[in-house]
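Asker: Contents of query-v4.txt (compact mmCIF, C-alpha atoms) are below:
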```txt
# COMPACT_ATOMS: atom_id res chain seq x y z
CA GLN A 1241 170.95 75.04 47.74
CA VAL A 1242 173.37 76.35 50.35
CA GLN A 1243 175.17 73.62 52.26
CA LEU A 1244 177.66 74.10 55.08
CA VAL A 1245 179.57 71.22 56.65
CA GLU A 1246 181.78 71.80 59.69
CA SER A 1247 184.63 69.57 60.80
CA GLY A 1248 187.67 69.67 63.04
CA GLY A 1249 186.14 69.73 66.48
CA GLY A 1250 187.42 67.57 69.30
CA SER A 1251 188.69 67.45 72.84
CA VAL A 1252 191.83 69.27 73.92
CA GLN A 1253 193.44 70.44 77.11
CA ALA A 1254 193.52 74.09 78.08
CA GLY A 1255 196.20 75.94 76.16
CA GLY A 1256 195.83 73.67 73.15
CA SER A 1257 194.77 74.44 69.60
CA LEU A 1258 192.19 73.28 67.09
CA ARG A 1259 191.32 74.31 63.55
CA LEU A 1260 187.73 74.14 62.45
CA SER A 1261 186.76 73.92 58.80
CA CYS A 1262 183.49 74.73 57.06
CA ALA A 1263 183.06 73.38 53.55
CA ALA A 1264 180.55 75.49 51.63
CA SER A 1265 178.61 74.71 48.51
CA GLY A 1266 175.59 75.92 46.58
CA PHE A 1267 176.45 79.61 46.49
CA THR A 1268 179.10 82.06 45.33
CA PHE A 1269 181.46 81.87 48.29
CA SER A 1270 183.46 84.95 47.38
CA ASN A 1271 180.84 87.62 48.19
CA TYR A 1272 179.10 86.38 51.29
CA CYS A 1273 179.09 87.11 55.00
CA MET A 1274 180.40 84.08 56.84
CA GLY A 1275 180.41 83.62 60.57
CA TRP A 1276 181.42 81.24 63.31
CA PHE A 1277 178.99 80.97 66.20
CA ARG A 1278 179.07 78.86 69.33
CA GLN A 1279 176.56 77.69 71.89
CA ALA A 1280 177.34 76.12 75.24
CA PRO A 1281 174.71 74.14 77.18
CA GLY A 1282 172.32 76.48 78.94
CA LYS A 1283 173.74 79.57 77.25
CA GLU A 1284 172.67 81.74 74.36
CA ARG A 1285 174.32 81.41 70.98
CA GLU A 1286 177.31 83.71 70.63
CA GLY A 1287 178.82 85.15 67.48
CA VAL A 1288 182.55 84.47 67.62
CA GLU A 1289 184.08 85.72 64.40
CA PHE A 1290 182.91 87.08 61.09
CA ILE A 1291 184.33 87.68 57.66
CA TYR A 1292 183.12 89.29 54.48
CA THR A 1293 184.62 87.03 51.87
CA GLY A 1294 184.57 89.75 49.21
CA ASN A 1295 187.42 91.68 50.84
CA ASN A 1296 188.62 89.53 53.79
CA SER A 1297 187.35 92.10 56.28
CA THR A 1298 186.95 90.47 59.69
CA HIS A 1299 185.34 91.14 63.06
CA TYR A 1300 186.07 89.37 66.31
CA ALA A 1301 184.22 89.00 69.58
CA ASP A 1302 186.18 90.38 72.53
CA SER A 1303 186.15 86.96 74.18
CA VAL A 1304 188.36 85.45 71.46
CA ARG A 1305 190.39 88.43 70.26
CA GLY A 1306 194.05 87.53 69.97
CA ARG A 1307 193.38 83.79 70.28
CA PHE A 1308 191.11 82.86 67.35
CA THR A 1309 191.61 83.67 63.68
CA ILE A 1310 189.04 83.39 60.92
CA SER A 1311 190.18 82.86 57.36
CA GLN A 1312 188.89 81.70 54.00
CA ASP A 1313 190.09 79.81 50.96
CA ASN A 1314 187.97 80.92 48.03
CA ALA A 1315 189.50 78.29 45.74
CA LYS A 1316 188.28 75.55 48.08
CA ASN A 1317 185.06 77.30 49.16
CA THR A 1318 186.15 76.70 52.73
CA LEU A 1319 186.03 78.79 55.89
CA TYR A 1320 188.42 78.18 58.77
CA LEU A 1321 188.64 79.02 62.44
CA GLN A 1322 192.08 78.64 63.98
CA MET A 1323 191.69 78.45 67.74
CA ASN A 1324 194.77 78.85 69.93
CA SER A 1325 195.24 79.15 73.69
CA LEU A 1326 191.94 77.40 74.23
CA LYS A 1327 190.19 77.80 77.58
CA PRO A 1328 187.57 75.62 79.28
CA GLU A 1329 185.05 78.41 78.69
CA ASP A 1330 185.51 77.91 74.93
CA THR A 1331 183.74 74.57 75.27
CA ALA A 1332 180.67 74.67 73.02
CA MET A 1333 179.10 73.47 69.82
CA TYR A 1334 180.56 75.56 67.02
CA TYR A 1335 178.49 76.44 63.96
CA CYS A 1336 179.34 77.90 60.59
CA ALA A 1337 176.78 80.25 59.02
CA ALA A 1338 176.36 82.20 55.80
CA THR A 1339 174.23 85.00 54.47
CA LEU A 1340 174.26 87.43 51.55
CA PRO A 1341 174.99 90.90 52.93
CA SER A 1342 173.28 94.11 51.97
CA VAL A 1343 175.44 96.54 50.04
CA PHE A 1344 175.93 98.68 53.16
CA LEU A 1345 177.14 95.81 55.35
CA ARG A 1346 179.95 94.37 53.23
CA SER A 1347 182.55 94.31 55.98
CA GLY A 1348 183.50 92.16 58.94
CA HIS A 1349 181.62 94.44 61.31
CA GLY A 1350 178.66 94.56 58.96
CA CYS A 1351 178.63 90.78 58.83
CA SER A 1352 178.51 90.68 62.64
CA VAL A 1353 175.09 92.38 62.65
CA MET A 1354 173.53 90.41 59.80
CA LYS A 1355 170.85 87.81 60.37
CA TYR A 1356 172.16 84.48 59.11
CA ASP A 1357 169.90 82.19 57.11
CA SER A 1358 172.10 79.19 56.35
CA TRP A 1359 173.69 77.04 59.04
CA GLY A 1360 175.83 73.96 59.33
CA GLN A 1361 175.15 71.08 61.66
CA GLY A 1362 177.86 72.06 64.13
CA THR A 1363 181.03 70.53 65.51
CA GLN A 1364 181.73 70.03 69.21
CA VAL A 1365 184.75 71.59 70.91
CA THR A 1366 185.57 70.48 74.44
CA VAL A 1367 188.41 72.05 76.41
CA SER A 1368 189.45 70.45 79.69
CA SER A 1369 191.35 72.16 82.46
```
Before anything else, please render the file you have as structure tokens.

Answerer:
Amino acid sequence: QVQLVESGGGSVQAGGSLRLSCAASGFTFSNYCMGWFRQAPGKEREGVEFIYTGNNSTHYADSVRGRFTISQDNAKNTLYLQMNSLKPEDTAMYYCAATLPSVFLRSGHGCSVMKYDSWGQGTQVTVSS
């Protein structure tokens, strides 16, 4: 049974940093699509960053390019999201998600178009101006 548990959210001032973690269990972490999504109140869920854990290929949303970095630790079955230069518009609930990619979508970009079937409970990030 796939289980994803996020942690690391909190409240920071604009310009600050946070690192989110997603502890994964119940599946072979090293060949999955993993993604970070966020949803602000009244807004649609947005895919932020994606990684194919089989080759570390990543894909970033334009809104976070150059500020956020996704990474993985296969030994710990953990996904990370390093968030720097945070802005008030980054305020949202952040979710970790996982799915097994098709053979043709084993890349960061491929992972960005996959439909995700396993989700964590989310961790809140609040950025004040």

Asker: With only C-alpha atoms counted, which protein, DNA or RNA residues have an atom no more than 6 Å from (193.1, 79.2, 62.2) in the file frame? Please answer as a PyMOL selection string.

Answerer: chain A and resi 1259+1309-1310+1320-1323

Asker: Need the shell around Leu1244 of chain A: protein/DNA/RNA residues with any atom at most 12 Å away, counting only C-alpha atoms. Skip same-chain ones fewer than 5 positions apart. Format as a PDB file with C-alpha atoms, in the frame of the given file?

Answerer:
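Saved result, out-v3.pdb, follows:
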```
ATOM      1  CA  SER A1261     186.760  73.920  58.800  1.00  0.00           C
ATOM      2  CA  CYS A1262     183.490  74.730  57.060  1.00  0.00           C
ATOM      3  CA  ALA A1263     183.060  73.380  53.550  1.00  0.00           C
ATOM      4  CA  ALA A1264     180.550  75.490  51.630  1.00  0.00           C
ATOM      5  CA  SER A1265     178.610  74.710  48.510  1.00  0.00           C
ATOM      6  CA  GLY A1266     175.590  75.920  46.580  1.00  0.00           C
ATOM      7  CA  PHE A1267     176.450  79.610  46.490  1.00  0.00           C
ATOM      8  CA  PHE A1269     181.460  81.870  48.290  1.00  0.00           C
ATOM      9  CA  MET A1274     180.400  84.080  56.840  1.00  0.00           C
ATOM     10  CA  GLY A1275     180.410  83.620  60.570  1.00  0.00           C
ATOM     11  CA  TRP A1276     181.420  81.240  63.310  1.00  0.00           C
ATOM     12  CA  ASN A1317     185.060  77.300  49.160  1.00  0.00           C
ATOM     13  CA  THR A1318     186.150  76.700  52.730  1.00  0.00           C
ATOM     14  CA  LEU A1319     186.030  78.790  55.890  1.00  0.00           C
ATOM     15  CA  TYR A1335     178.490  76.440  63.960  1.00  0.00           C
ATOM     16  CA  CYS A1336     179.340  77.900  60.590  1.00  0.00           C
ATOM     17  CA  ALA A1337     176.780  80.250  59.020  1.00  0.00           C
ATOM     18  CA  ALA A1338     176.360  82.200  55.800  1.00  0.00           C
ATOM     19  CA  THR A1339     174.230  85.000  54.470  1.00  0.00           C
ATOM     20  CA  ASP A1357     169.900  82.190  57.110  1.00  0.00           C
ATOM     21  CA  SER A1358     172.100  79.190  56.350  1.00  0.00           C
ATOM     22  CA  TRP A1359     173.690  77.040  59.040  1.00  0.00           C
ATOM     23  CA  GLY A1360     175.830  73.960  59.330  1.00  0.00           C
ATOM     24  CA  GLN A1361     175.150  71.080  61.660  1.00  0.00           C
ATOM     25  CA  GLY A1362     177.860  72.060  64.130  1.00  0.00           C
ATOM     26  CA  THR A1363     181.030  70.530  65.510  1.00  0.00           C
TER      27      THR A1363
END
```

Asker: Just give me the gap between atom CA of Ser1297 of chain A and atom CA of Gln1241 of chain A in Å, one decimal is fine.

Answerer: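 The value is 25.2 Å.
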
Asker: Identify, on the basis of all atoms listed in the file, every residue whose closest approach to segment 1298-1306 of chain A does not exceed 9 Å; exclude the query and any residue fewer than 2 positions from it along the same chain; express the result as a ChimeraX atom specification.

Answerer: /A:1286-1293,1295-1296,1308-1311,1323-1324,1330,1347-1352

Asker: Quick one: distance from atom CA of Leu1345 of chain A to atom CA of Arg1278 of chain A in Å, one decimal?

Answerer: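 Pair atom CA of Leu1345 of chain A / atom CA of Arg1278 of chain A returns 22.1 Å.
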
Asker: For a quick check of understanding, using only C-alpha atoms, which of A:Pro1328, A:Gly1294, A:Pro1281, A:Gly1256 has the smallest distance to Asn1314 of chain A?

Answerer: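 Distance minimum relative to Asn1314 of chain A lands on A:Gly1294.
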